[in-house]
Structures are given as C-alpha cells and as structure tokens.
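Enquirer: Quick one: the structure is below, questions incoming.
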Amino acid sequence: LNRKKAKSWIRCILEVVKSEPITVDKNNEYGYDPGDEQHYENTIRLVTGRKHQVRTQLASLGAPIIRDTLYEPIAGMTLDLLNAGGEEAMMMDMMVEQCRVPRTPIGLQAHAIMFGGVKGKAGTPWWGDGSGNS
C-alpha cells in the first residue's frame, strides 16, 4: 500500500438502485457455501469513478462481494483509516496483506452490456436466481 499514491486517489460515488435479499443455492456448482448469512443481490449505478471501484466501495461499506478475496479482508475499512496514521494505518496494512486475487468466480456480474452498438443481457449468475435454485 503506497500512502503517497493514496493521496491522489479519487473517491468513487455509487448509487445502490436496488437491494433484495436472496437465497444462494447450497448445491451450486462452484462449491460456495453460503452458510446461514443473509445474502443480497444489488443493482449498482456507478456515478463517478471506474468500474472496478464497485468492489472496493461495497467492501468499505462492510458488504463485500461473495468470494472477493481481493477486497473482503478490508471490509468496513475506509481511506479515513489510512489517513489517520498510527495504529489504524498499521491495522489497515495488516488487512491489506491478506488480500489475494480471487481464484474462483466472485459474485459480480454485469446484467447488461453494450459494445459496438450491440446490447447483450446476462443469463442467470452462478449463484442462482435468488430463489435458491441455480
């Protein structure tokens, strides 16, 4: 984590358009065990920033994306901790050391995309349709 670079970071602003509780199929083909935690499917609109910042923002709000091992370790932490210095910054450094690039699919999917004037819509995500059925 480079504190000098952090000073030039631009905050991302996103809007949670919709957030609905879902049931994740315990028998999904990716071996994800949802446990007893409530999961939510969210529709996010990125107001400012870059697309990858959605993952960071949700983690900083304490709502990391399923299986996102890159940002889940820093869930609930914000840049304010980094800027505070001292013990808070040391704690953030320790959490950042636990961050790893995901090796399995994470719970993130664009529901639609437009490329070259052609619009495509996504199918059912790997975690199912929210009813507990894949």
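In the structure tokens, the first chain shown is A, the next is B, and so on; residue numbers restart at 1 for each chain, and ligands run from 1 in the order shown.
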Quick one: everything within 12 Å of Lys51 of chain A, counting only C-alpha atoms, minus sequence neighbours fewer than 2 positions away in the same chain. Send it as an MDAnalysis selection string.
Expert: chainID A and resid 12:14 44:49 53:57 108:110
Enquirer: Considering only alpha helix (DSSP H) as DSSP defines it on the backbone, what residues of segment 19-109 of chain A qualify? List them as a list in words.
Expert: Gln53, Val54, Arg55, Thr56, Gln57, Leu58, Ala59, Ser60, Leu79, Asp80, Leu81, Leu82, Asn83, Ala84, Gly86, Glu87, Glu88, Ala89, Met90, Met91, Met92, Asp93, Met94, Met95, Val96 and Glu97 of chain A
Enquirer: Between atom CA of Arg11 of chain A and atom CA of Arg103 of chain A, what distance in Å does the model show, to one decimal?
Expert: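 Distance between the two atoms: 27.2 Å.
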Enquirer: Taking only C-alpha atoms into account, name the residue in A:Val16, A:Asp36, A:Arg67, A:Glu29 that is nearest to Thr104 of chain A.
Expert: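 Ranking A:Val16, A:Asp36, A:Arg67, A:Glu29 by distance to Thr104 of chain A, first place goes to A:Arg67.
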Enquirer: I'd like the neighbourhood of Gly128 of chain A as JSON, numbers by chain, where a residue qualifies if any of its atoms comes within 12 Å (using only C-alpha atoms), though same-chain residues fewer than 5 positions away should be ignored.
Expert: {"A": [22, 23, 24, 25, 26, 27, 28, 29, 30, 32, 34, 39, 40, 41, 107, 109, 123, 133, 134]}
Enquirer: Considering only C-alpha atoms, state which residue in the set A:Thr69, A:Asp33, A:Thr43, A:Met92 is at the smallest distance from Glu15 of chain A.
Expert: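 With only C-alpha atoms as the atom set, the closest residue is A:Thr43.
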Enquirer: Output as a ChimeraX atom specification all residues of chain A that backbone DSSP marks as strand (DSSP E or B).
Expert: /A:13-23,39-48,112-115,118-121,131
Enquirer: With distances taken over only C-alpha atoms, which of A:His111, A:Ala84, A:Pro73, A:Leu61 is nearest to Val96 of chain A?
Expert: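 Ranked by minimum distance to Val96 of chain A, first place goes to A:Pro73.
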Enquirer: What's the separation between atom CA of Glu20 of chain A and atom CA of Gln38 of chain A, in Å to one decimal place?
Expert: 10.3 Å
Enquirer: Measure the distance from atom CA of Cys99 of chain A to atom CA of Asp68 of chain A in Å and round it to one decimal.
Expert: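 The value is 9.1 Å.
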Enquirer: Find the residue from A:Arg50, A:Tyr71, A:Pro105, A:Ile113 that sits nearest to Pro125 of chain A; use only C-alpha atoms when measuring.
Expert: A:Pro105
